[in-house]
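Coordinates as given in work25.cif (mmCIF, C-alpha atoms and all ligand atoms):
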```cif
data_start
loop_
_atom_site.label_atom_id
_atom_site.label_comp_id
_atom_site.auth_asym_id
_atom_site.auth_seq_id
_atom_site.Cartn_x
_atom_site.Cartn_y
_atom_site.Cartn_z
CA MET A 12 0.00 0.00 0.00
CA SER A 13 1.25 3.51 -0.80
CA SER A 14 1.61 5.43 2.49
CA ALA A 15 0.94 9.07 1.46
CA VAL A 16 -2.52 10.58 1.91
CA ARG A 17 -4.11 11.11 -1.51
CA ASP A 18 -5.52 14.52 -2.40
CA VAL A 19 -8.91 14.14 -4.07
CA VAL A 20 -10.94 16.55 -6.20
CA LEU A 21 -14.56 15.39 -6.08
CA LEU A 22 -16.86 16.44 -8.93
CA GLY A 23 -20.58 15.89 -8.36
CA SER A 24 -20.17 15.83 -4.57
CA THR A 25 -23.87 16.29 -3.76
CA GLY A 26 -25.03 13.34 -5.88
CA SER A 27 -25.25 9.62 -5.31
CA ILE A 28 -21.62 8.88 -6.25
CA GLY A 29 -20.41 12.08 -4.57
CA THR A 30 -22.01 11.47 -1.18
CA GLN A 31 -20.85 7.84 -1.15
CA ALA A 32 -17.32 8.97 -2.05
CA LEU A 33 -17.38 11.36 0.90
CA ASP A 34 -18.44 8.48 3.11
CA VAL A 35 -15.38 6.54 1.93
CA VAL A 36 -13.12 9.53 2.67
CA ARG A 37 -14.78 10.16 6.03
CA ARG A 38 -13.97 6.60 7.12
CA ASN A 39 -10.42 6.66 5.71
CA PRO A 40 -8.81 9.99 6.64
CA GLU A 41 -5.37 8.38 6.72
CA ARG A 42 -5.73 7.52 3.00
CA PHE A 43 -7.72 10.35 1.41
CA ARG A 44 -8.12 14.12 1.81
CA VAL A 45 -10.63 16.14 -0.23
CA VAL A 46 -9.14 19.37 -1.61
CA ALA A 47 -12.00 20.60 -3.82
CA LEU A 48 -15.68 19.91 -4.46
CA ALA A 49 -17.89 20.64 -7.47
CA ALA A 50 -21.64 20.45 -8.01
CA GLY A 51 -24.31 21.91 -10.25
CA GLY A 52 -25.56 24.29 -7.56
CA ARG A 53 -28.99 22.90 -6.74
CA ASP A 54 -28.22 22.30 -3.05
CA VAL A 55 -25.76 24.90 -1.82
CA GLY A 56 -26.59 24.09 1.80
CA LEU A 57 -25.34 20.51 1.41
CA LEU A 58 -22.34 21.66 -0.64
CA ALA A 59 -21.33 24.17 2.04
CA ALA A 60 -21.75 21.59 4.80
CA GLN A 61 -19.49 19.22 2.83
CA ALA A 62 -16.93 22.00 2.31
CA ALA A 63 -16.88 22.75 6.03
CA GLU A 64 -16.70 19.13 7.14
CA PHE A 65 -13.83 18.27 4.78
CA GLN A 66 -12.14 21.70 5.07
CA VAL A 67 -11.68 21.97 1.33
CA ALA A 68 -9.79 24.81 -0.32
CA ALA A 69 -12.20 25.34 -3.23
CA VAL A 70 -15.84 24.77 -4.13
CA ALA A 71 -17.16 24.94 -7.71
CA VAL A 72 -20.73 25.47 -8.90
CA HIS A 73 -21.95 25.33 -12.48
CA ASP A 74 -24.89 27.65 -11.84
CA GLU A 75 -23.45 31.16 -11.56
CA SER A 76 -26.52 32.42 -9.72
CA ALA A 77 -25.78 29.91 -6.93
CA ALA A 78 -22.47 31.61 -6.06
CA GLY A 79 -24.07 34.26 -3.80
CA PRO A 80 -26.19 31.83 -1.78
CA LEU A 81 -23.20 29.46 -1.61
CA ALA A 82 -21.00 32.23 -0.16
CA ALA A 83 -23.61 32.84 2.54
CA GLU A 84 -23.89 29.12 3.32
CA LEU A 85 -20.10 28.71 3.46
CA ALA A 86 -19.83 31.60 5.92
CA ARG A 87 -22.61 30.12 8.03
CA ALA A 88 -20.91 26.69 8.00
CA GLY A 89 -17.52 28.18 8.89
CA SER A 90 -15.71 27.38 5.62
CA ASP A 91 -13.33 29.82 3.93
CA ALA A 92 -13.27 27.82 0.67
CA ARG A 93 -12.66 29.78 -2.54
CA ILE A 94 -15.69 29.78 -4.86
CA LEU A 95 -15.44 28.95 -8.56
CA ALA A 96 -18.64 29.56 -10.52
CA GLY A 97 -19.92 29.14 -14.05
CA ALA A 98 -19.78 26.75 -16.97
CA GLU A 99 -16.00 26.22 -16.61
CA ALA A 100 -16.02 25.82 -12.84
CA ALA A 101 -15.89 22.00 -12.65
CA ALA A 102 -13.05 21.87 -15.20
CA GLU A 103 -11.21 24.54 -13.20
CA ALA A 104 -11.64 22.44 -10.07
CA ALA A 105 -10.31 19.41 -11.97
CA ARG A 106 -7.12 21.36 -12.71
CA ILE A 107 -6.39 22.00 -9.02
CA PRO A 108 -3.27 19.95 -8.18
CA SER A 109 -4.39 16.59 -6.77
CA ASP A 110 -3.62 12.90 -6.90
CA VAL A 111 -7.10 11.80 -7.98
CA VAL A 112 -10.07 13.51 -9.61
CA LEU A 113 -13.29 11.56 -9.10
CA ASN A 114 -15.72 12.61 -11.83
CA GLY A 115 -19.21 11.88 -10.46
CA ILE A 116 -21.07 14.39 -12.63
CA THR A 117 -24.01 13.11 -14.69
CA GLY A 118 -24.05 13.48 -18.45
CA ALA A 119 -22.09 14.87 -21.39
CA ILE A 120 -21.34 18.02 -19.39
CA GLY A 121 -18.66 15.92 -17.67
CA LEU A 122 -16.44 15.90 -20.78
CA ALA A 123 -14.53 19.15 -20.12
CA PRO A 124 -13.70 18.18 -16.50
CA THR A 125 -12.57 14.72 -17.65
CA LEU A 126 -10.20 16.25 -20.21
CA ALA A 127 -9.02 18.83 -17.66
CA ALA A 128 -8.20 16.14 -15.08
CA LEU A 129 -6.24 14.13 -17.65
CA ALA A 130 -4.34 17.21 -18.85
CA ALA A 131 -3.50 18.09 -15.24
CA GLY A 132 -1.89 14.66 -14.83
CA SER A 133 -4.19 13.48 -12.03
CA VAL A 134 -5.56 9.95 -11.91
CA LEU A 135 -9.13 10.08 -13.20
CA ALA A 136 -11.48 7.89 -11.15
CA LEU A 137 -14.28 7.77 -13.67
CA ALA A 138 -17.93 7.39 -12.77
CA ASN A 139 -19.06 9.84 -15.46
CA LYS A 140 -19.07 7.21 -18.22
CA GLU A 141 -20.69 9.66 -20.65
CA SER A 142 -17.49 11.72 -21.02
CA LEU A 143 -15.45 8.69 -22.07
CA ILE A 144 -18.17 7.38 -24.37
CA ILE A 145 -18.76 10.61 -26.27
CA GLY A 146 -15.10 11.66 -26.25
CA GLY A 147 -13.92 8.21 -27.39
CA ALA A 148 -10.38 8.37 -28.76
CA LEU A 149 -10.08 11.99 -27.62
CA VAL A 150 -10.31 10.85 -24.02
CA THR A 151 -8.33 7.62 -24.33
CA GLY A 152 -5.70 9.48 -26.36
CA ALA A 153 -5.37 12.13 -23.65
CA ALA A 154 -4.89 9.52 -20.93
CA GLY A 155 -1.55 8.06 -19.95
CA GLU A 156 -1.17 4.36 -19.16
CA GLY A 157 -3.38 3.56 -16.18
CA GLN A 158 -4.50 7.18 -15.75
CA ILE A 159 -8.20 6.31 -16.01
CA VAL A 160 -9.49 4.03 -13.25
CA PRO A 161 -13.09 2.91 -13.75
CA VAL A 162 -15.59 3.47 -10.94
CA ASP A 163 -18.63 2.15 -12.83
CA SER A 164 -19.29 -1.15 -11.03
CA GLU A 165 -19.06 -3.41 -14.10
CA HIS A 166 -15.83 -1.84 -15.33
CA SER A 167 -14.28 -1.88 -11.88
CA ALA A 168 -15.17 -5.59 -11.82
CA LEU A 169 -13.55 -6.11 -15.23
CA ALA A 170 -10.42 -4.21 -14.18
CA GLN A 171 -10.17 -6.44 -11.10
CA ALA A 172 -10.76 -9.66 -13.06
CA LEU A 173 -8.23 -8.59 -15.69
CA ARG A 174 -5.53 -8.57 -13.01
CA SER A 175 -5.55 -12.36 -13.28
CA GLY A 176 -4.44 -12.66 -16.92
CA THR A 177 -2.67 -10.93 -19.78
CA ALA A 178 -4.49 -9.01 -22.52
CA ALA A 179 -3.54 -11.73 -25.02
CA GLU A 180 -5.30 -14.34 -22.86
CA VAL A 181 -8.67 -12.52 -22.83
CA GLU A 182 -11.39 -14.24 -24.84
CA LYS A 183 -14.33 -12.01 -23.95
CA LEU A 184 -15.73 -9.52 -21.48
CA VAL A 185 -19.14 -10.33 -20.00
CA LEU A 186 -21.05 -7.35 -18.61
CA THR A 187 -23.84 -8.12 -16.18
CA ALA A 188 -27.11 -6.15 -16.29
CA SER A 189 -29.70 -6.22 -13.53
CA GLY A 190 -32.41 -5.96 -16.19
CA GLY A 191 -33.91 -3.03 -14.28
CA PRO A 192 -37.45 -2.85 -12.88
CA PHE A 193 -39.03 -4.11 -16.12
CA ARG A 194 -37.04 -7.31 -16.61
CA GLY A 195 -39.26 -9.86 -18.37
CA TRP A 196 -41.77 -7.26 -19.58
CA THR A 197 -42.93 -7.17 -23.18
CA ARG A 198 -42.75 -4.07 -25.36
CA GLU A 199 -46.53 -3.70 -25.07
CA GLN A 200 -46.34 -3.71 -21.28
CA LEU A 201 -43.57 -1.12 -21.37
CA THR A 202 -45.45 1.59 -23.25
CA GLY A 203 -47.40 2.90 -20.25
CA VAL A 204 -44.80 2.78 -17.49
CA THR A 205 -44.45 5.86 -15.26
CA PRO A 206 -41.34 7.70 -14.08
CA ALA A 207 -42.00 6.42 -10.55
CA GLN A 208 -41.95 2.84 -11.83
CA ALA A 209 -38.79 3.45 -13.86
CA LEU A 210 -37.03 5.03 -10.87
CA ALA A 211 -37.68 1.99 -8.66
CA HIS A 212 -34.43 0.17 -9.43
CA PRO A 213 -34.47 -3.36 -7.99
CA THR A 214 -30.91 -3.41 -6.63
CA TRP A 215 -29.18 0.01 -6.75
CA ALA A 216 -30.03 3.46 -5.30
CA MET A 217 -28.66 5.94 -7.86
CA GLY A 218 -29.36 9.33 -9.44
CA PRO A 219 -32.44 9.68 -11.69
CA VAL A 220 -30.70 9.65 -15.08
CA VAL A 221 -28.63 6.50 -14.61
CA THR A 222 -31.62 4.82 -12.95
CA THR A 223 -33.84 5.57 -15.95
CA ASN A 224 -31.04 4.39 -18.24
CA SER A 225 -30.96 1.12 -16.32
CA ALA A 226 -34.68 0.70 -16.94
CA THR A 227 -34.36 1.24 -20.72
CA LEU A 228 -31.05 -0.70 -20.83
CA VAL A 229 -29.44 2.40 -22.37
CA ASN A 230 -27.08 2.23 -19.39
CA LYS A 231 -25.91 -1.19 -20.54
CA GLY A 232 -25.54 0.10 -24.10
CA LEU A 233 -23.35 2.94 -22.84
CA GLU A 234 -21.39 0.45 -20.72
CA VAL A 235 -20.63 -1.79 -23.72
CA ILE A 236 -19.01 1.23 -25.44
CA GLU A 237 -17.29 2.15 -22.16
CA ALA A 238 -15.81 -1.37 -21.88
CA HIS A 239 -14.58 -1.27 -25.48
CA LEU A 240 -12.84 2.07 -24.91
CA LEU A 241 -11.35 1.19 -21.53
CA PHE A 242 -10.07 -2.29 -22.33
CA GLY A 243 -9.61 -2.26 -26.12
CA VAL A 244 -11.69 -5.40 -26.64
CA PRO A 245 -13.69 -5.48 -29.91
CA PHE A 246 -17.48 -5.21 -29.67
CA GLU A 247 -18.08 -8.76 -30.89
CA ARG A 248 -16.16 -10.03 -27.85
CA ILE A 249 -18.19 -8.01 -25.33
CA GLU A 250 -21.33 -9.80 -24.14
CA VAL A 251 -24.19 -8.74 -21.91
CA VAL A 252 -25.96 -11.15 -19.57
CA VAL A 253 -28.90 -10.34 -17.32
CA HIS A 254 -28.16 -11.07 -13.65
CA PRO A 255 -31.03 -9.76 -11.47
CA GLN A 256 -29.17 -9.99 -8.15
CA SER A 257 -26.38 -7.51 -9.12
CA ILE A 258 -23.82 -9.47 -7.12
CA VAL A 259 -21.63 -10.65 -9.99
CA HIS A 260 -20.59 -7.24 -11.31
CA SER A 261 -19.01 -8.56 -14.52
CA MET A 262 -16.73 -11.31 -15.76
CA VAL A 263 -13.71 -11.94 -17.95
CA GLU A 264 -13.52 -15.17 -19.91
CA PHE A 265 -9.98 -16.27 -20.73
CA ALA A 266 -8.72 -18.29 -23.70
CA ASP A 267 -8.47 -21.54 -21.72
CA GLY A 268 -12.19 -21.47 -20.82
CA SER A 269 -11.67 -20.00 -17.35
CA THR A 270 -14.02 -17.21 -16.25
CA MET A 271 -13.06 -14.74 -13.50
CA ALA A 272 -15.98 -12.92 -11.86
CA GLN A 273 -15.94 -10.10 -9.32
CA CYS A 274 -18.69 -10.52 -6.73
CA SER A 275 -19.92 -8.38 -3.85
CA PRO A 276 -23.31 -7.14 -2.63
CA PRO A 277 -24.42 -4.08 -4.62
CA ASP A 278 -22.66 -1.15 -2.90
CA MET A 279 -20.85 1.54 -4.89
CA ARG A 280 -18.52 2.35 -2.00
CA LEU A 281 -16.40 -0.66 -3.04
CA PRO A 282 -15.62 0.51 -6.62
CA ILE A 283 -15.41 4.14 -5.44
CA ALA A 284 -12.82 3.24 -2.77
CA LEU A 285 -10.87 1.13 -5.25
CA GLY A 286 -11.04 3.96 -7.79
CA LEU A 287 -9.58 6.39 -5.25
CA GLY A 288 -6.99 3.98 -3.92
CA TRP A 289 -6.08 1.96 -7.04
CA PRO A 290 -4.27 -0.38 -7.16
CA ASP A 291 -4.71 -0.73 -3.38
CA ARG A 292 -7.91 -2.06 -1.85
CA VAL A 293 -9.46 -0.15 1.04
CA PRO A 294 -10.22 -2.61 3.86
CA GLY A 295 -13.87 -2.59 4.93
CA ALA A 296 -14.94 -0.40 2.01
CA ALA A 297 -18.25 -2.30 1.78
CA PRO A 298 -19.78 -5.49 3.18
CA ALA A 299 -18.69 -8.76 1.54
CA CYS A 300 -20.95 -11.65 0.42
CA ASP A 301 -22.44 -13.67 3.27
CA TRP A 302 -21.67 -17.33 2.46
CA THR A 303 -23.52 -18.67 5.54
CA THR A 304 -26.94 -17.91 4.03
CA ALA A 305 -28.46 -19.74 1.06
CA ALA A 306 -28.49 -17.59 -2.08
CA THR A 307 -29.38 -18.00 -5.73
CA TRP A 308 -27.59 -16.18 -8.51
CA GLU A 309 -29.43 -16.23 -11.83
CA PHE A 310 -28.31 -15.44 -15.38
CA PHE A 311 -30.58 -14.84 -18.38
CA PRO A 312 -30.04 -13.78 -21.99
CA LEU A 313 -30.93 -10.19 -22.83
CA ASP A 314 -34.31 -9.64 -24.53
CA ASP A 315 -33.17 -7.54 -27.50
CA ALA A 316 -36.70 -7.18 -28.88
CA ALA A 317 -38.18 -5.50 -25.80
CA PHE A 318 -34.93 -3.65 -24.99
CA PRO A 319 -33.22 -2.63 -28.27
CA ALA A 320 -30.94 -0.04 -26.59
CA VAL A 321 -27.89 -2.31 -26.33
CA ARG A 322 -28.00 -3.31 -29.99
CA LEU A 323 -28.31 0.35 -31.01
CA ALA A 324 -25.37 1.30 -28.77
CA ARG A 325 -23.23 -1.44 -30.34
CA GLU A 326 -23.99 0.01 -33.78
CA CYS A 327 -23.07 3.50 -32.59
CA GLY A 328 -19.92 2.27 -30.88
CA ASP A 329 -18.90 0.36 -33.98
CA ARG A 330 -19.42 3.38 -36.22
CA ALA A 331 -17.51 5.45 -33.63
CA GLU A 332 -16.75 9.08 -34.63
CA THR A 333 -19.62 11.16 -33.25
CA TYR A 334 -22.26 8.40 -33.17
CA PRO A 335 -21.82 7.66 -29.45
CA ALA A 336 -22.20 11.41 -28.70
CA VAL A 337 -25.45 11.48 -30.68
CA TYR A 338 -26.79 8.36 -28.93
CA ASN A 339 -26.00 9.85 -25.53
CA ALA A 340 -27.22 13.41 -26.18
CA SER A 341 -30.52 12.32 -27.69
CA ASN A 342 -31.04 9.96 -24.76
CA GLU A 343 -30.33 12.74 -22.22
CA VAL A 344 -33.06 14.90 -23.80
CA CYS A 345 -35.52 11.99 -23.95
CA VAL A 346 -34.89 10.97 -20.33
CA ASP A 347 -35.49 14.54 -19.20
CA ARG A 348 -38.80 14.61 -21.11
CA PHE A 349 -39.78 11.18 -19.76
CA LEU A 350 -39.05 12.16 -16.16
CA ARG A 351 -41.21 15.29 -16.64
CA GLY A 352 -44.05 13.03 -17.77
CA GLU A 353 -43.91 14.37 -21.34
CA LEU A 354 -42.70 11.26 -23.20
CA ALA A 355 -43.69 7.60 -23.21
CA PHE A 356 -41.07 5.16 -21.92
CA THR A 357 -40.74 3.25 -25.22
CA ASP A 358 -40.40 6.54 -27.12
CA ILE A 359 -37.04 7.13 -25.40
CA VAL A 360 -35.08 4.52 -27.34
CA ASP A 361 -37.30 4.81 -30.44
CA THR A 362 -36.48 8.52 -30.67
CA VAL A 363 -32.77 7.97 -30.05
CA ALA A 364 -32.76 5.42 -32.89
CA ARG A 365 -34.37 7.92 -35.28
CA VAL A 366 -31.94 10.68 -34.36
CA VAL A 367 -28.99 8.28 -34.81
CA ALA A 368 -30.36 7.29 -38.23
CA ASP A 369 -30.42 10.98 -39.24
CA HIS A 370 -26.84 11.64 -38.17
CA GLU A 371 -24.19 12.25 -40.78
CA ALA A 372 -20.89 11.86 -39.01
CA PRO A 373 -18.02 14.23 -39.67
CA GLN A 374 -14.81 12.72 -41.02
CA ALA A 375 -12.67 13.17 -37.95
CA LEU A 376 -13.31 13.08 -34.22
CA SER A 377 -12.35 16.34 -32.55
CA LEU A 378 -13.55 18.20 -29.48
CA GLU A 379 -15.43 20.58 -31.78
CA SER A 380 -17.10 17.77 -33.75
CA VAL A 381 -18.17 16.00 -30.54
CA LEU A 382 -19.64 19.19 -29.08
CA GLU A 383 -21.31 20.00 -32.41
CA ALA A 384 -22.79 16.48 -32.66
CA ASP A 385 -24.02 16.76 -29.07
CA ARG A 386 -25.70 20.12 -29.88
CA TRP A 387 -27.13 18.79 -33.14
CA ALA A 388 -28.57 15.66 -31.52
CA ARG A 389 -30.24 17.65 -28.75
CA GLY A 390 -31.78 20.02 -31.29
CA ARG A 391 -32.90 17.21 -33.58
CA THR A 392 -34.44 15.32 -30.68
CA VAL A 393 -36.39 18.37 -29.54
CA GLU A 394 -37.57 19.00 -33.12
CA MET A 395 -38.79 15.42 -33.39
CA LEU A 396 -40.51 15.44 -30.03
CA ASP A 397 -42.13 18.78 -30.73
CA GLY A 398 -43.41 17.52 -34.09
CA ARG A 399 -41.29 19.71 -36.38
CA VAL A 400 -39.66 16.61 -37.92
CA ALA A 401 -41.94 13.75 -38.88
CA LEU A 402 -41.38 10.64 -36.77
N1 LIG B 501 -25.09 6.46 -8.70
C1 LIG B 501 -24.47 5.33 -8.97
O1 LIG B 501 -24.52 4.38 -8.19
C2 LIG B 501 -23.68 5.19 -10.23
C3 LIG B 501 -23.46 6.27 -11.06
N2 LIG B 501 -22.68 6.14 -12.16
C4 LIG B 501 -22.42 7.31 -13.00
O2 LIG B 501 -21.90 8.34 -12.16
C5 LIG B 501 -22.35 9.61 -12.63
C6 LIG B 501 -23.11 10.31 -11.49
O3 LIG B 501 -24.26 9.59 -11.19
P1 LIG B 501 -25.12 9.89 -9.88
O4 LIG B 501 -24.22 10.17 -8.74
O5 LIG B 501 -26.07 8.77 -9.77
O6 LIG B 501 -25.90 11.22 -10.31
P2 LIG B 501 -26.64 12.27 -9.39
O7 LIG B 501 -27.69 12.89 -10.22
O8 LIG B 501 -27.03 11.66 -8.10
O9 LIG B 501 -25.51 13.36 -9.07
C7 LIG B 501 -24.96 14.18 -10.08
C8 LIG B 501 -24.02 15.18 -9.44
O10 LIG B 501 -23.42 15.99 -10.47
C9 LIG B 501 -23.58 17.36 -10.13
N3 LIG B 501 -23.53 18.17 -11.33
C10 LIG B 501 -24.44 18.26 -12.32
N4 LIG B 501 -24.01 19.11 -13.27
C11 LIG B 501 -22.80 19.56 -12.87
C12 LIG B 501 -21.84 20.44 -13.42
N5 LIG B 501 -22.03 21.04 -14.58
N6 LIG B 501 -20.70 20.67 -12.73
C13 LIG B 501 -20.49 20.06 -11.55
N7 LIG B 501 -21.34 19.20 -10.99
C14 LIG B 501 -22.49 18.96 -11.64
C15 LIG B 501 -24.91 17.40 -9.39
O11 LIG B 501 -25.07 18.59 -8.67
P3 LIG B 501 -26.53 19.33 -8.65
O12 LIG B 501 -27.47 18.35 -8.03
O13 LIG B 501 -26.30 20.55 -7.87
O14 LIG B 501 -26.87 19.59 -10.10
C16 LIG B 501 -24.73 16.17 -8.50
O15 LIG B 501 -23.87 16.48 -7.44
C17 LIG B 501 -23.21 9.32 -13.87
O16 LIG B 501 -22.41 9.41 -15.01
C18 LIG B 501 -23.66 7.89 -13.66
O17 LIG B 501 -23.96 7.22 -14.85
C19 LIG B 501 -22.09 4.95 -12.50
C20 LIG B 501 -22.31 3.85 -11.74
C21 LIG B 501 -23.12 3.87 -10.55
C1 LIG B 502 -24.07 0.55 -10.12
C2 LIG B 502 -23.76 0.72 -11.54
O1 LIG B 502 -22.66 0.50 -11.97
C3 LIG B 502 -24.84 1.08 -12.45
O2 LIG B 502 -24.35 1.58 -13.67
C4 LIG B 502 -25.55 -0.23 -12.64
O3 LIG B 502 -24.87 -0.89 -13.65
C5 LIG B 502 -26.96 -0.08 -12.92
O4 LIG B 502 -27.52 -1.33 -13.00
P1 LIG B 502 -28.05 -1.98 -14.34
O5 LIG B 502 -27.80 -1.01 -15.47
O6 LIG B 502 -27.32 -3.25 -14.50
O7 LIG B 502 -29.51 -2.13 -14.06
MN MN B 503 -22.72 0.34 -14.13
#
```
Starting from the file, lay out its structure as structure tokens.
Amino acid sequence: MSSAVRDVVLLGSTGSIGTQALDVVRRNPERFRVVALAAGGRDVGLLAAQAAEFQVAAVAVHDESAAGPLAAELARAGSDARILAGAEAAAEAARIPSDVVLNGITGAIGLAPTLAALAAGSVLALANKESLIIGGALVTGAAGEGQIVPVDSEHSALAQALRSGTAAEVEKLVLTASGGPFRGWTREQLTGVTPAQALAHPTWAMGPVVTTNSATLVNKGLEVIEAHLLFGVPFERIEVVVHPQSIVHSMVEFADGSTMAQCSPPDMRLPIALGLGWPDRVPGAAPACDWTTAATWEFFPLDDAAFPAVRLARECGDRAETYPAVYNASNEVCVDRFLRGELAFTDIVDTVARVVADHEAPQALSLESVLEADRWARGRTVEMLDGRVAL
């Protein structure tokens, strides 16, 4: 184990990943110290309380109008943290000298902070899968060897399982999917589901976007692309299997027929702690499996007809360029509409598929082309949903 305390910049500190990361730090002060926090700005009271508890030097908020209320809350909480505010604030925070930047922001907006953390030379503990998926080779190309450590549970599992063999020995990666709250449902049954039903994830408590993505299986589609980019394994050798218990977090099959699985009860504090401490494990990060009680672990094939999101993501990942950015951006708009009660559940992936079909990719991937594709896909999705483009 490395002995020095690691300085951590935590992006998305008020969210599900962020609050669990702070719990890990709180219980391991001899290993980790938080130097900066970033959030959108929706809960400045919580952000200020976090800043005071962890005595951070800087706090960033995306929403500029939250800076004033944040200053008042910081003063009340007894924190003298410097405030960074505005669209660049999270990226600025990511540039603050640190050992690890944990990106726990939701959505494509996490791209600039991801690139900033990599350019600053910090280890990037990556929960914000969207930034890697839309940035593709831009992100992997900006990262040094081992600079990105996955926090997403499946990819943390794969990284752990891959420790037991060489790259040449890998036959396939097997991503597990809980199947979400609608596992086993037909397409007809899915049309009328409500946001409340979609947000009732059977095994994980997470933020609303990733939870909805789990219900549509878009999350698993994104994770197939994420696995391809992180581990360099071709799409045809990345499988998805439905595992409702979410205890086997993913598996690596090796050339000799051996399969290595990483198993633990569903608790993100384990992959978060490993992401912050990599390659060291943090003792007691989360409870282990209880082998004294009878348990059943099930595995089922994915129903591609009712849940076409994974197949569509594979196509986008295979076409690369700006297709993953279009898939993600269109989905973000659709999820927002669905959660507001303005879009049917099955229209989420149907609309994403239509927007993807309309996309003409630029020749080369660049930061500008990714941002332009993201803008275009959001606009096209809104046009379609508002009836200006025939569905
Ligand atoms: N939750 C989980 O268990 C898992 C999550 N992930 C991934 O981790 C990421 C975070 O998910 P989750 O924690 O569930 O999401 P949440 O919605 O719970 O939290 C998102 C956080 O990001 C902050 N945020 C939003 N916009 C900005 C911005 N522009 N700058 C800085 N901070 C911002 C939010 O602050 P505010 O509320 O003020 O806007 C909030 O703190 C996602 O990419 C998700 O897919 C992956 C695996 C598991
Ligand atoms: C905890 C985590 O990593 C989530 O991304 C999780 O994968 C969601 O579960 P499913 O997408 O498998 O339902
Ligand atoms: Mn995951």
(message) So that I can see what lies close to segment 319-322 of chain A, please list as a PyMOL selection string the residues with an atom at most 7 Å from it, counting all atoms listed in the file and leaving out residues fewer than 4 positions away in the same chain.
(response) chain A and resi 227-229+231-232+315+326+360
(request) For ligand LIG 502 (chain B), collect every residue having any atom at a distance of at most 6 Å from a ligand atom (counting only C-alpha atoms and all ligand atoms); output as a PyMOL selection string. (result) chain A and resi 163-165+188-191+225+230-231
(request) Neighbourhood query: residues within 9 Å of (-23.0, -8.7, -19.7), file coordinates, counting all atoms listed in the file; return as a PyMOL selection string. (result) chain A and resi 165+184-188+231+235+249-254+260-262+312-313
Any chance you could export the current selection's C-alpha atoms as a tab-separated table (two decimals), in the coordinates of the input?
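And here is the file that came out, again_21.tsv:
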```tsv
chain	number	residue	atom	x	y	z
A	165	GLU	CA	-19.06	-3.41	-14.10
A	184	LEU	CA	-15.73	-9.52	-21.48
A	185	VAL	CA	-19.14	-10.33	-20.00
A	186	LEU	CA	-21.05	-7.35	-18.61
A	187	THR	CA	-23.84	-8.12	-16.18
A	188	ALA	CA	-27.11	-6.15	-16.29
A	231	LYS	CA	-25.91	-1.19	-20.54
A	235	VAL	CA	-20.63	-1.79	-23.72
A	249	ILE	CA	-18.19	-8.01	-25.33
A	250	GLU	CA	-21.33	-9.80	-24.14
A	251	VAL	CA	-24.19	-8.74	-21.91
A	252	VAL	CA	-25.96	-11.15	-19.57
A	253	VAL	CA	-28.90	-10.34	-17.32
A	254	HIS	CA	-28.16	-11.07	-13.65
A	260	HIS	CA	-20.59	-7.24	-11.31
A	261	SER	CA	-19.01	-8.56	-14.52
A	262	MET	CA	-16.73	-11.31	-15.76
A	312	PRO	CA	-30.04	-13.78	-21.99
A	313	LEU	CA	-30.93	-10.19	-22.83
```
(request) Have a look at atom CA of Ile120 of chain A and atom CA of Leu396 of chain A and let me know their distance in Å, one decimal. (result) 22.1 Å
(message) Taking all atoms listed in the file and a cut-off of 7 Å, can you tell me which residues surround ligand LIG 501 (chain B), written as a PyMOL selection string?
(response) chain A and resi 22-29+49-54+72-73+98+100-101+115-118+120-121+138-141+162-164+215-221+279
(request) Tell me, as a PyMOL selection string, which residues lie within 10 Å of Asn339 of chain A, counting all atoms listed in the file; anything in the same chain fewer than 3 positions away does not count. (result) chain A and resi 118-119+141-142+144-145+229-230+232-233+324+327+334-336+342-345+363+367+385+388-389
(request) Please provide the set of residues having any atom within 10 Å of Thr270 of chain A, restricted to all atoms listed in the file, with same-chain residues fewer than 2 positions apart removed, written as a list in words. (result)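 In the requested form, the answer reads Ala172, Val181, Glu182, Lys183, Leu184, Val185, Met262, Val263, Glu264, Phe265, Ala266, Asp267, Gly268 and Ala272 of chain A.
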(message) My list of candidates is A:Ala168, A:Arg399, A:Ala317, A:Trp387. Which is closest to ligand MN 503 (chain B) when distances are computed with all atoms listed in the file?
(response)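 Of the candidates, the smallest distance to ligand MN 503 (chain B) is held by A:Ala168.
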